[in-house]
Every structure is written in structure tokens, then in C-alpha cells.
>>> print(open('model-v1.pdb').read())   # PDB, C-alpha atoms
ATOM      1  CA  MET A  97       4.417   9.333  -0.820  1.00  0.00           C
ATOM      2  CA  THR A  98       3.329   6.181  -2.594  1.00  0.00           C
ATOM      3  CA  LEU A  99       3.286   2.811  -0.891  1.00  0.00           C
ATOM      4  CA  LEU A 100       5.961   1.574  -3.286  1.00  0.00           C
ATOM      5  CA  GLU A 101       8.228   4.521  -2.403  1.00  0.00           C
ATOM      6  CA  PHE A 102       7.638   3.890   1.300  1.00  0.00           C
ATOM      7  CA  ILE A 103       8.517   0.196   1.102  1.00  0.00           C
ATOM      8  CA  ARG A 104      11.604   0.848  -1.028  1.00  0.00           C
ATOM      9  CA  SER A 105      12.884   3.559   1.329  1.00  0.00           C
ATOM     10  CA  SER A 106      12.234   1.632   4.545  1.00  0.00           C
ATOM     11  CA  ASP A 107      13.428  -1.602   6.105  1.00  0.00           C
ATOM     12  CA  PHE A 108      10.175  -3.290   5.066  1.00  0.00           C
ATOM     13  CA  THR A 109       9.725  -5.881   2.356  1.00  0.00           C
ATOM     14  CA  PHE A 110       6.333  -6.481   0.775  1.00  0.00           C
ATOM     15  CA  SER A 111       6.045  -9.569   2.922  1.00  0.00           C
ATOM     16  CA  SER A 112       6.979  -7.916   6.221  1.00  0.00           C
ATOM     17  CA  PHE A 113       4.715  -4.926   5.575  1.00  0.00           C
ATOM     18  CA  ALA A 114       1.828  -7.230   4.690  1.00  0.00           C
ATOM     19  CA  GLU A 115       2.378  -9.150   7.906  1.00  0.00           C
ATOM     20  CA  LYS A 116       2.442  -5.912   9.926  1.00  0.00           C
ATOM     21  CA  ILE A 117      -0.986  -4.861   8.643  1.00  0.00           C
ATOM     22  CA  GLY A 118      -2.515  -8.336   8.548  1.00  0.00           C
ATOM     23  CA  GLU A 119      -2.860  -8.605   4.776  1.00  0.00           C
ATOM     24  CA  THR A 120      -1.364 -10.844   2.109  1.00  0.00           C
ATOM     25  CA  GLU A 121       1.836  -9.996   0.292  1.00  0.00           C
ATOM     26  CA  ASN A 122       0.009 -10.281  -3.018  1.00  0.00           C
ATOM     27  CA  ILE A 123      -2.563  -7.607  -2.168  1.00  0.00           C
ATOM     28  CA  VAL A 124       0.113  -5.247  -0.815  1.00  0.00           C
ATOM     29  CA  ARG A 125       2.021  -5.604  -4.098  1.00  0.00           C
ATOM     30  CA  LYS A 126      -1.135  -4.789  -6.068  1.00  0.00           C
ATOM     31  CA  TRP A 127      -1.673  -1.662  -3.989  1.00  0.00           C
ATOM     32  CA  ALA A 128       1.984  -0.634  -4.293  1.00  0.00           C
ATOM     33  CA  TYR A 129       1.991  -1.042  -8.072  1.00  0.00           C
ATOM     34  CA  ARG A 130      -1.393   0.680  -8.277  1.00  0.00           C
ATOM     35  CA  GLN A 131      -3.184  -2.292  -9.809  1.00  0.00           C
ATOM     36  CA  ARG A 132      -5.800  -2.243  -7.065  1.00  0.00           C
ATOM     37  CA  GLN A 133      -7.141   0.253  -4.571  1.00  0.00           C
ATOM     38  CA  PRO A 134      -7.674  -0.772  -0.947  1.00  0.00           C
ATOM     39  CA  SER A 135     -10.956  -0.319   0.865  1.00  0.00           C
ATOM     40  CA  LEU A 136     -11.100   2.599   3.276  1.00  0.00           C
ATOM     41  CA  PRO A 137     -10.525   0.450   6.400  1.00  0.00           C
ATOM     42  CA  ARG A 138      -7.481  -1.139   4.746  1.00  0.00           C
ATOM     43  CA  ALA A 139      -6.178   2.256   3.595  1.00  0.00           C
ATOM     44  CA  VAL A 140      -6.458   3.503   7.182  1.00  0.00           C
ATOM     45  CA  LYS A 141      -4.383   0.495   8.336  1.00  0.00           C
ATOM     46  CA  VAL A 142      -1.695   1.406   5.806  1.00  0.00           C
ATOM     47  CA  GLU A 143      -1.731   5.047   6.905  1.00  0.00           C
ATOM     48  CA  GLU A 144      -1.365   4.052  10.561  1.00  0.00           C
ATOM     49  CA  ALA A 145       1.384   1.510   9.834  1.00  0.00           C
ATOM     50  CA  THR A 146       3.412   4.086   7.881  1.00  0.00           C
ATOM     51  CA  GLY A 147       3.039   6.779  10.520  1.00  0.00           C
ATOM     52  CA  GLY A 148       1.081   8.910   8.071  1.00  0.00           C
ATOM     53  CA  LYS A 149       3.778   8.862   5.380  1.00  0.00           C
ATOM     54  CA  VAL A 150       1.382   7.059   3.040  1.00  0.00           C
ATOM     55  CA  THR A 151      -2.104   8.501   3.372  1.00  0.00           C
ATOM     56  CA  ALA A 152      -5.408   6.989   2.310  1.00  0.00           C
ATOM     57  CA  ARG A 153      -5.487   9.619  -0.449  1.00  0.00           C
ATOM     58  CA  ASP A 154      -2.084   8.418  -1.715  1.00  0.00           C
ATOM     59  CA  LEU A 155      -3.597   4.977  -2.233  1.00  0.00           C
ATOM     60  CA  LEU A 156      -6.398   6.156  -4.516  1.00  0.00           C
ATOM     61  CA  VAL A 157      -6.130   4.930  -8.081  1.00  0.00           C
ATOM     62  CA  ALA A 158      -7.553   7.153 -10.800  1.00  0.00           C
ATOM     63  CA  ALA A 159     -10.009   5.422 -13.141  1.00  0.00           C
ATOM     64  CA  ALA A 160      -7.750   5.894 -16.184  1.00  0.00           C
ATOM     65  CA  GLU A 161      -4.769   4.554 -14.261  1.00  0.00           C
ATOM     66  CA  ALA A 162      -6.578   1.337 -13.309  1.00  0.00           C
ATOM     67  CA  GLU A 163      -7.316   0.381 -16.932  1.00  0.00           C
TER      68      GLU A 163
END
>>> encode(input="model-v1.pdb", output="C-alpha cells")
Amino acid sequence: MTLLEFIRSSDFTFSSFAEKIGETENIVRKWAYRQRQPSLPRAVKVEEATGGKVTARDLLVAAAEAE
């Protein structure tokens, strides 16, 4: 499941999810829309906060996708 799918299907907003994991809303939006890829420690925080619904692997952005 992507982060965007998770946020849209849950009671979270970008802002509330960002607050839950201790990040900014802006960076969470970039991850959700696959404009940026989080570092491994940040990806682990996302995985833990989503109960494993969004895995670190789900947050990887392919090189061609990032351009």
C-alpha cells in the first residue's frame, strides 16, 4: 500500500500523520506523492506508525519515477 493510499483510506490528514511521526507536513506530502524518498530511519517510522500497512519498501522511489 502506498502512503497516499493509506492516508486517504484512514482518519489521518497529511498534517496529523506528520505530527504522529514527528515530521513536517511538507515532507510527508513529498513522500506520499513520490517526489522524495525517506531515509531508512524515517521509512521505519512510517512503517511502525501505519502498523505495517505501508512498508519501507513501499516508500522506495524508482530512479525513473523520481525524474
>>> residues_around(input="model-v1.pdb", residues="A:Glu121", least_positions_apart="4", cutoff="6 Å", atoms="all atoms listed in the file", output="list in words")
Phe110, Ser111 and Ala114 of chain A
>>> resolve_selection(input="model-v1.pdb", expression="the PyMOL selection byres ((chain A and resi 99) around 10)", output="list in words")
Met97, Thr98, Leu100, Glu101, Phe102, Ile103, Arg104, Ser105, Phe110, Val124, Arg125, Trp127, Ala128, Tyr129, Arg130, Val142, Glu143, Thr146, Lys149, Val150, Thr151, Asp154 and Leu155 of chain A
>>> closest_residue(input="model-v1.pdb", among="A:Arg138, A:Ala145, A:Arg153, A:Arg132", to="A:Phe113", atoms="all atoms listed in the file")
A:Ala145
>>> atom_distance(input="model-v1.pdb", atom1="atom CA of A:Asp107", atom2="atom CA of A:Gln131")
23.0 Å
>>> atom_distance(input="model-v1.pdb", atom1="atom CA of A:Ala139", atom2="atom CA of A:Lys116")
13.5 Å
>>> closest_residue(input="model-v1.pdb", among="A:Gly148, A:Ser106, A:Leu156, A:Ile117", to="A:Gln133", atoms="all atoms listed in the file")
A:Leu156
>>> axis_aligned_box(input="model-v1.pdb", around="stretch 130-141 of chain A", padding_each_side="6 Å", output="lines of an AutoDock Vina configuration file")
center_x = -6.2
center_y = 0.6
center_z = -0.7
size_x = 21.7
size_y = 17.8
size_z = 30.1
>>> atom_distance(input="model-v1.pdb", atom1="atom CA of A:Pro134", atom2="atom CA of A:Gly147")
17.4 Å
